[in-house]
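K.L.:
What follows is coords-v2.csv, made up of CSV, C-alpha atoms and all ligand atoms:
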chain,number,residue,atom,x,y,z
D,15,MET,CA,116.5,162.5,105.9
D,16,ARG,CA,119.7,161.7,104.1
D,17,ILE,CA,120.4,158.1,103.0
D,18,LEU,CA,123.8,156.7,102.1
D,19,ILE,CA,123.4,153.9,99.5
D,20,ALA,CA,126.3,151.4,99.1
D,21,ASN,CA,126.7,147.9,97.7
D,22,ASP,CA,129.3,145.3,97.0
D,23,ASP,CA,128.5,144.6,93.3
D,24,GLY,CA,130.1,147.9,92.4
D,25,VAL,CA,128.9,151.4,91.5
D,26,TYR,CA,128.0,150.3,87.9
D,27,ALA,CA,125.8,147.3,89.0
D,28,PRO,CA,122.1,147.5,88.0
D,29,GLY,CA,121.0,146.8,91.6
D,30,ILE,CA,122.4,150.0,93.1
D,31,ALA,CA,120.7,152.1,90.4
D,32,ALA,CA,117.4,150.3,91.0
D,33,LEU,CA,117.8,151.0,94.8
D,34,HIS,CA,118.6,154.6,94.2
D,35,ASP,CA,115.7,155.1,91.9
D,36,ALA,CA,113.4,153.5,94.4
D,37,LEU,CA,114.4,155.8,97.3
D,38,ALA,CA,115.3,159.0,95.5
D,39,ASP,CA,112.0,160.8,96.0
D,40,MET,CA,111.6,160.0,99.7
D,41,ALA,CA,115.0,161.1,100.9
D,42,GLU,CA,118.1,162.8,99.8
D,43,CYS,CA,120.2,159.9,98.5
D,44,VAL,CA,123.9,159.7,98.2
D,45,VAL,CA,125.6,156.8,96.5
D,46,VAL,CA,129.1,155.8,97.4
D,47,ALA,CA,130.1,152.4,96.1
D,48,PRO,CA,133.1,150.4,95.1
D,49,ILE,CA,134.4,151.0,91.6
D,50,LYS,CA,134.4,147.3,90.9
D,51,ASP,CA,132.7,144.1,92.1
D,52,MET,CA,133.7,143.5,95.7
D,53,SER,CA,131.4,140.6,96.5
D,54,GLY,CA,132.6,138.4,99.3
D,55,VAL,CA,134.9,140.9,101.0
D,56,SER,CA,132.9,141.0,104.2
D,57,SER,CA,133.8,143.9,106.5
D,58,SER,CA,137.4,144.5,105.2
D,59,LEU,CA,138.9,148.0,105.4
D,60,THR,CA,141.6,149.2,103.1
D,61,LEU,CA,144.5,150.3,105.4
D,62,ASP,CA,147.6,150.2,103.2
D,63,ARG,CA,146.9,153.0,100.8
D,64,PRO,CA,144.7,156.2,100.5
D,65,LEU,CA,141.2,155.9,98.9
D,66,HIS,CA,140.1,158.1,96.0
D,67,PRO,CA,136.5,159.1,95.7
D,68,GLN,CA,135.5,159.8,92.1
D,69,PRO,CA,132.2,161.5,91.2
D,70,LEU,CA,130.5,160.0,88.2
D,71,PRO,CA,128.3,161.8,85.6
D,72,ASN,CA,125.2,160.4,87.2
D,73,GLY,CA,126.1,161.8,90.6
D,74,PHE,CA,127.2,158.5,92.2
D,75,ILE,CA,130.6,158.4,93.8
D,76,ALA,CA,132.9,155.6,92.9
D,77,LEU,CA,135.5,154.5,95.4
D,78,ASP,CA,138.6,152.4,94.8
D,79,GLY,CA,137.9,150.4,98.0
D,80,THR,CA,135.6,148.0,99.7
D,81,PRO,CA,131.9,148.3,100.7
D,82,THR,CA,132.9,149.0,104.3
D,83,ASP,CA,135.4,151.7,103.1
D,84,CYS,CA,132.5,153.4,101.2
D,85,VAL,CA,130.3,153.6,104.3
D,86,HIS,CA,133.1,154.3,106.6
D,87,LEU,CA,134.2,157.3,104.5
D,88,GLY,CA,130.6,158.3,103.8
D,89,LEU,CA,129.8,158.6,107.5
D,90,ASN,CA,133.1,159.9,108.8
D,91,GLY,CA,134.2,162.9,106.7
D,92,LEU,CA,133.4,162.5,103.0
D,93,LEU,CA,129.8,163.6,103.1
D,94,GLU,CA,128.3,166.8,104.6
D,95,PRO,CA,125.8,166.7,106.1
D,96,VAL,CA,126.4,163.2,107.5
D,97,PRO,CA,123.8,160.7,106.3
D,98,ASP,CA,121.2,159.5,108.8
D,99,MET,CA,120.8,156.0,107.5
D,100,VAL,CA,122.6,153.4,105.4
D,101,VAL,CA,120.9,151.2,102.8
D,102,SER,CA,122.9,148.5,100.9
D,103,GLY,CA,122.2,146.6,97.7
D,104,ILE,CA,120.4,145.5,95.8
D,105,ASN,CA,122.7,142.6,95.6
D,106,LEU,CA,122.3,140.2,92.7
D,107,GLY,CA,122.5,136.9,94.6
D,108,ALA,CA,121.3,135.5,97.9
D,109,ASN,CA,122.7,136.4,101.3
D,110,LEU,CA,121.1,133.7,103.4
D,111,GLY,CA,122.4,131.8,106.4
D,112,ASP,CA,126.2,131.6,106.5
D,113,ASP,CA,126.4,133.9,103.5
D,114,VAL,CA,126.2,136.9,105.8
D,115,LEU,CA,129.6,136.1,107.1
D,116,TYR,CA,131.2,136.8,103.7
D,117,SER,CA,128.8,139.3,102.3
D,118,GLY,CA,130.0,142.8,101.4
D,119,THR,CA,126.4,143.8,101.0
D,120,VAL,CA,125.6,143.0,104.6
D,121,ALA,CA,129.0,144.4,105.7
D,122,ALA,CA,128.1,147.8,104.2
D,123,ALA,CA,124.9,147.9,106.3
D,124,ILE,CA,126.9,146.8,109.3
D,125,GLU,CA,129.2,149.7,108.9
D,126,GLY,CA,126.1,151.9,109.2
D,127,ARG,CA,125.3,150.6,112.7
D,128,PHE,CA,126.2,153.8,114.4
D,129,CYS,CA,123.4,155.7,112.7
D,130,ASN,CA,120.3,156.0,114.9
D,131,ARG,CA,118.1,154.6,112.2
D,132,PRO,CA,118.2,150.9,111.2
D,133,ALA,CA,120.6,149.9,108.5
D,134,PHE,CA,119.2,147.7,105.7
D,135,ALA,CA,120.8,145.2,103.3
D,136,PHE,CA,118.8,144.0,100.3
D,137,SER,CA,119.6,140.9,98.2
D,138,LEU,CA,117.7,139.4,95.3
D,139,LEU,CA,117.9,135.7,94.8
D,140,SER,CA,119.2,135.9,91.2
D,141,HIS,CA,122.3,136.8,89.3
D,142,GLN,CA,120.0,138.3,86.6
D,143,PRO,CA,118.4,141.7,87.0
D,144,ASP,CA,114.9,140.8,85.6
D,145,ASN,CA,113.2,140.9,89.0
D,146,LEU,CA,115.0,144.0,90.4
D,147,PRO,CA,111.8,145.9,90.3
D,148,THR,CA,110.3,143.5,92.8
D,149,ALA,CA,113.3,144.0,95.1
D,150,ALA,CA,113.2,147.8,94.6
D,151,HIS,CA,109.5,147.9,95.6
D,152,ILE,CA,110.2,145.8,98.7
D,153,ALA,CA,113.2,148.0,99.6
D,154,ARG,CA,111.1,151.2,99.1
D,155,THR,CA,108.3,149.9,101.3
D,156,LEU,CA,110.5,148.8,104.2
D,157,VAL,CA,112.7,151.9,104.2
D,158,GLU,CA,109.6,154.2,103.9
D,159,HIS,CA,108.1,152.7,107.1
D,160,HIS,CA,111.2,152.3,109.2
D,161,GLU,CA,110.2,155.2,111.5
D,162,ARG,CA,107.5,153.1,113.1
D,163,LEU,CA,110.1,150.5,114.0
D,164,GLU,CA,111.5,150.2,117.4
D,165,LEU,CA,114.8,148.3,117.6
D,166,PRO,CA,117.8,148.1,119.9
D,167,PRO,CA,120.7,150.2,118.8
D,168,ARG,CA,123.1,148.7,116.2
D,169,THR,CA,120.5,146.4,114.6
D,170,VAL,CA,121.1,145.6,111.0
D,171,LEU,CA,118.2,144.2,108.9
D,172,SER,CA,119.1,141.7,106.2
D,173,VAL,CA,116.3,141.3,103.6
D,174,ASN,CA,116.3,138.6,100.9
D,175,ILE,CA,113.8,138.8,98.0
D,176,PRO,CA,112.7,135.7,96.0
D,177,ASN,CA,113.4,136.0,92.2
D,178,LEU,CA,109.7,136.5,91.3
D,179,PRO,CA,107.5,139.2,89.8
D,180,LEU,CA,105.9,141.3,92.6
D,181,ASP,CA,102.5,139.8,92.2
D,182,HIS,CA,103.9,136.3,92.9
D,183,ILE,CA,105.5,137.4,96.3
D,184,ARG,CA,103.4,135.9,99.1
D,185,GLY,CA,104.4,138.3,101.9
D,186,ILE,CA,107.2,139.0,104.3
D,187,ARG,CA,108.4,136.6,106.9
D,188,LEU,CA,110.5,137.4,110.0
D,189,CYS,CA,113.2,134.7,110.0
D,190,ARG,CA,116.3,133.4,111.7
D,191,LEU,CA,119.4,132.6,109.7
D,192,GLY,CA,119.6,129.0,108.5
D,193,HIS,CA,122.9,127.3,107.9
D,194,ARG,CA,124.8,125.9,105.0
D,195,ALA,CA,126.9,122.8,104.8
D,196,ARG,CA,130.6,123.3,103.9
D,197,ALA,CA,131.3,125.0,100.6
D,198,LYS,CA,132.2,122.9,97.6
D,199,ALA,CA,135.9,122.1,97.3
D,200,PRO,CA,138.1,124.7,95.6
D,201,VAL,CA,138.7,123.9,92.0
D,202,ARG,CA,142.4,123.3,91.1
D,203,MET,CA,143.4,125.1,87.9
D,204,VAL,CA,146.6,125.5,85.9
D,205,ASN,CA,147.1,128.8,84.1
D,206,PRO,CA,148.4,129.1,80.5
D,207,ARG,CA,151.9,129.6,81.9
D,208,GLY,CA,151.8,126.4,83.9
D,209,ARG,CA,151.2,127.9,87.3
D,210,GLU,CA,148.9,125.9,89.6
D,211,GLY,CA,146.1,127.7,91.5
D,212,TYR,CA,142.8,127.2,93.2
D,213,TRP,CA,139.5,128.8,92.5
D,214,ILE,CA,137.3,129.1,95.6
D,215,SER,CA,134.0,127.3,94.7
D,216,VAL,CA,130.3,128.0,95.4
D,217,ALA,CA,128.6,128.1,98.8
D,218,GLY,CA,127.5,124.8,100.4
D,219,ASP,CA,124.1,123.3,100.2
D,220,VAL,CA,121.4,124.2,102.7
D,221,GLU,CA,121.8,122.1,105.9
D,222,ASP,CA,119.4,123.9,108.2
D,223,GLY,CA,116.7,125.3,106.1
D,224,GLY,CA,113.5,124.3,107.9
D,225,PRO,CA,110.5,126.4,108.9
D,226,GLY,CA,111.5,129.6,110.6
D,227,THR,CA,114.7,130.0,108.6
D,228,ASP,CA,115.4,132.5,105.8
D,229,PHE,CA,116.0,129.7,103.4
D,230,HIS,CA,112.6,128.3,104.0
D,231,ALA,CA,110.8,131.6,103.6
D,232,VAL,CA,112.3,132.5,100.3
D,233,MET,CA,111.8,128.9,98.9
D,234,GLN,CA,108.1,129.4,99.7
D,235,GLY,CA,107.9,132.7,97.9
D,236,TYR,CA,108.2,135.0,100.9
D,237,VAL,CA,110.6,137.9,101.4
D,238,SER,CA,112.7,137.1,104.4
D,239,ILE,CA,113.8,139.7,106.9
D,240,THR,CA,116.4,138.9,109.6
D,241,PRO,CA,117.6,141.2,112.3
D,242,LEU,CA,121.3,140.8,112.8
D,243,GLN,CA,123.1,141.5,116.0
D,244,LEU,CA,126.8,142.4,116.0
D,245,ASP,CA,127.8,141.1,119.4
D,246,ARG,CA,129.3,137.7,118.4
D,247,THR,CA,129.8,136.6,122.0
D,248,PHE,CA,128.7,133.0,122.4
D,249,HIS,CA,127.0,133.2,125.7
D,250,GLU,CA,126.1,129.5,125.9
D,251,ALA,CA,129.8,128.6,125.7
D,252,PHE,CA,130.6,130.5,128.9
D,253,ALA,CA,129.7,127.6,131.2
D,254,GLY,CA,132.0,125.1,129.5
D,255,LEU,CA,134.9,127.6,129.4
D,256,ASP,CA,134.4,128.7,132.9
D,257,GLY,CA,135.3,125.3,134.4
D,258,TRP,CA,138.1,124.7,131.8
D,259,LEU,CA,139.9,127.9,132.7
D,260,GLU,CA,139.7,127.3,136.4
D,261,GLY,CA,143.2,126.4,137.7
D,262,LEU,CA,144.8,126.7,134.3
D,263,LEU,CA,147.0,129.6,135.4
I,301,MN,MN,127.5,141.1,95.6
Please, can you express the file's structure as structure tokens?
P.N.:
Amino acid sequence: MRILIANDDGVYAPGIAALHDALADMAECVVVAPIKDMSGVSSSLTLDRPLHPQPLPNGFIALDGTPTDCVHLGLNGLLEPVPDMVVSGINLGANLGDDVLYSGTVAAAIEGRFCNRPAFAFSLLSHQPDNLPTAAHIARTLVEHHERLELPPRTVLSVNIPNLPLDHIRGIRLCRLGHRARAKAPVRMVNPRGREGYWISVAGDVEDGGPGTDFHAVMQGYVSITPLQLDRTFHEAFAGLDGWLEGLL
């Protein structure tokens, strides 16, 4: 098995090294990751210029592109043989509820949806690396056992790990995504040359975080795992639209 490892925190982030170390002896692992932090770029592709893969002394490949660029190139021409599976992370910071809309970590896994093995995205609920060993252990355990898993094609598994030592983790919970309220207002700033700008602020508070949600599980000390589907069709809205369209044209 050949695993393509990517992330959105960048090729020099401690989380991707921890993930690589956790998986290195169970599969052939290739790391292709953005040369700098690309958190929050979601599934963007770079289309206005060529991309330049750059091998680093540790064997990782740095790319001057987005997380999706990394996986897209990795699965479509850059790597021979083509990897069988994509694993993304370990992100420093949660990807819970609405976060998955913006997450480059989740996006990298989504770009791996055409592989016939499930794609994983791993996120640790901290911006500090202290509990990366916990997340690495969880990642290793889940990836190691993925062959026993039967899933519909194009399933992506998003995993969030509480910021705790391993012996404080209470277990793994299968969760739906919760929801956040609106993000905090952008912060207006004036630069030293007098130009006004806005700095996008932090994610909103948890609005739907009750039992069954990813927010609830991680707050209780459980790892959350949420299967993501990529068909964004809103089936329940069909009925309302059906009547509305009738006779419009
Ligand atoms: Mn990130």
K.L.:
Could you list, as a list in words, all the residues within 9 Å of ligand MN 301 (chain I), counting all atoms listed in the file?
P.N.:
Asn21, Asp22, Asp23, Gly24, Asp51, Met52, Ser53, Gly54, Gly103, Ile104, Asn105, Leu106, Gly107, Ala108, Asn109, Ser117, Gly118, Thr119 and Ser137 of chain D
K.L.:
Could those selected residues go to a file with C-alpha atoms, as a compact mmCIF listing (two decimals), in the coordinates of the input?
P.N.:
# COMPACT_ATOMS: atom_id res chain seq x y z
CA ASN D 21 126.70 147.90 97.70
CA ASP D 22 129.30 145.30 97.00
CA ASP D 23 128.50 144.60 93.30
CA GLY D 24 130.10 147.90 92.40
CA ASP D 51 132.70 144.10 92.10
CA MET D 52 133.70 143.50 95.70
CA SER D 53 131.40 140.60 96.50
CA GLY D 54 132.60 138.40 99.30
CA GLY D 103 122.20 146.60 97.70
CA ILE D 104 120.40 145.50 95.80
CA ASN D 105 122.70 142.60 95.60
CA LEU D 106 122.30 140.20 92.70
CA GLY D 107 122.50 136.90 94.60
CA ALA D 108 121.30 135.50 97.90
CA ASN D 109 122.70 136.40 101.30
CA SER D 117 128.80 139.30 102.30
CA GLY D 118 130.00 142.80 101.40
CA THR D 119 126.40 143.80 101.00
CA SER D 137 119.60 140.90 98.20
K.L.:
If you take all atoms listed in the file and a cut-off of 7 Å, which residues of range 111-221 of chain D touch range 30-36 of chain D, and what are their nearest atom pairs and distances in Å to one decimal, in chain and number order, as a Markdown table?
P.N.:
| residue | atom | partner | partner_atom | distance |
| --- | --- | --- | --- | --- |
| D:Leu146 | CA | D:Ala32 | CA | 6.8 |
| D:Ala150 | CA | D:Leu33 | CA | 5.6 |
| D:His151 | CA | D:Ala36 | CA | 6.9 |
| D:Arg154 | CA | D:Ala36 | CA | 5.7 |
K.L.:
Calculate how many Å separate CA of Ile75 in chain D from CA of Asn174 in chain D, rounding to one decimal.
P.N.:
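Spanning CA of Ile75 in chain D to CA of Asn174 in chain D is a straight-line distance of 25.4 Å.
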K.L.:
Skipping near chain neighbours, those fewer than 6 positions away, what residues fall within 9 Å of range 159-173 of chain D using all atoms listed in the file, listed as a PyMOL selection string?
P.N.:
chain D and resi 109-110+114+120+123-124+126-138+153+237-244
K.L.:
Give one line per residue of range 61-179 of chain D that approaches range 40-45 of chain D to at most 12 Å, naming the two atoms of the closest pair and their distance in Å to one decimal, counting only C-alpha atoms; sort by chain then ascending residue number and deliver it as a tab-separated table.
P.N.:
residue	atom	partner	partner_atom	distance
D:Pro67	CA	D:Val45	CA	11.2
D:Gln68	CA	D:Val45	CA	11.2
D:Pro69	CA	D:Val45	CA	9.7
D:Leu70	CA	D:Val45	CA	10.2
D:Asn72	CA	D:Val45	CA	10.0
D:Gly73	CA	D:Val45	CA	7.7
D:Phe74	CA	D:Val45	CA	4.9
D:Ile75	CA	D:Val45	CA	5.9
D:Ala76	CA	D:Val45	CA	8.2
D:Leu77	CA	D:Val45	CA	10.2
D:Pro81	CA	D:Val45	CA	11.4
D:Cys84	CA	D:Val45	CA	9.0
D:Val85	CA	D:Val45	CA	9.7
D:Leu87	CA	D:Val45	CA	11.8
D:Gly88	CA	D:Val44	CA	8.8
D:Leu89	CA	D:Val44	CA	11.1
D:Leu92	CA	D:Val44	CA	11.0
D:Leu93	CA	D:Val44	CA	8.6
D:Glu94	CA	D:Val44	CA	10.5
D:Pro95	CA	D:Glu42	CA	10.7
D:Val96	CA	D:Val44	CA	10.2
D:Pro97	CA	D:Val44	CA	8.2
D:Asp98	CA	D:Glu42	CA	10.1
D:Met99	CA	D:Cys43	CA	9.8
D:Val100	CA	D:Val44	CA	9.7
D:Val101	CA	D:Val45	CA	9.7
D:Ser102	CA	D:Val45	CA	9.8
D:Gly103	CA	D:Val45	CA	10.8
D:Arg154	CA	D:Met40	CA	8.8
D:Thr155	CA	D:Met40	CA	10.7
D:Val157	CA	D:Met40	CA	9.3
D:Glu158	CA	D:Met40	CA	7.4
D:His159	CA	D:Met40	CA	11.0
K.L.:
Using all atoms listed in the file, find the one residue out of D:Ala197, D:Arg190, D:Tyr236, D:Ile152 that sits nearest to Pro176 in chain D.
P.N.:
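Ranking D:Ala197, D:Arg190, D:Tyr236, D:Ile152 by distance to Pro176 in chain D, first place goes to D:Tyr236.
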K.L.:
Given the choices D:Leu156, D:Ile214, D:Ala253, D:Ile183, which gets closest to Leu37 in chain D if the distance is worked out from all atoms listed in the file?
P.N.:
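Using all atoms listed in the file, Leu37 in chain D sits closest to D:Leu156.
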K.L.:
Could you work out how far CA of Ala149 in chain D lies from CA of Asp222 in chain D, giving the answer in Å with one decimal?
P.N.:
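Going from CA of Asp222 in chain D over to CA of Ala149 in chain D covers 24.8 Å.
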K.L.:
Work out how far apart CA of Arg194 in chain D and CA of Glu221 in chain D are and give it in Å to one decimal.
P.N.:
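Those two atoms sit 4.9 Å apart.
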K.L.:
With a distance cut-off of 10 Å and only C-alpha atoms, select the neighbouring residues of Gly223 in chain D, excluding the residue or stretch itself and same-chain residues fewer than 2 positions from it, and output the selection as JSON, numbers by chain.
P.N.:
{"D": [110, 111, 190, 191, 192, 193, 194, 219, 220, 221, 225, 226, 227, 228, 229, 230, 231, 233]}
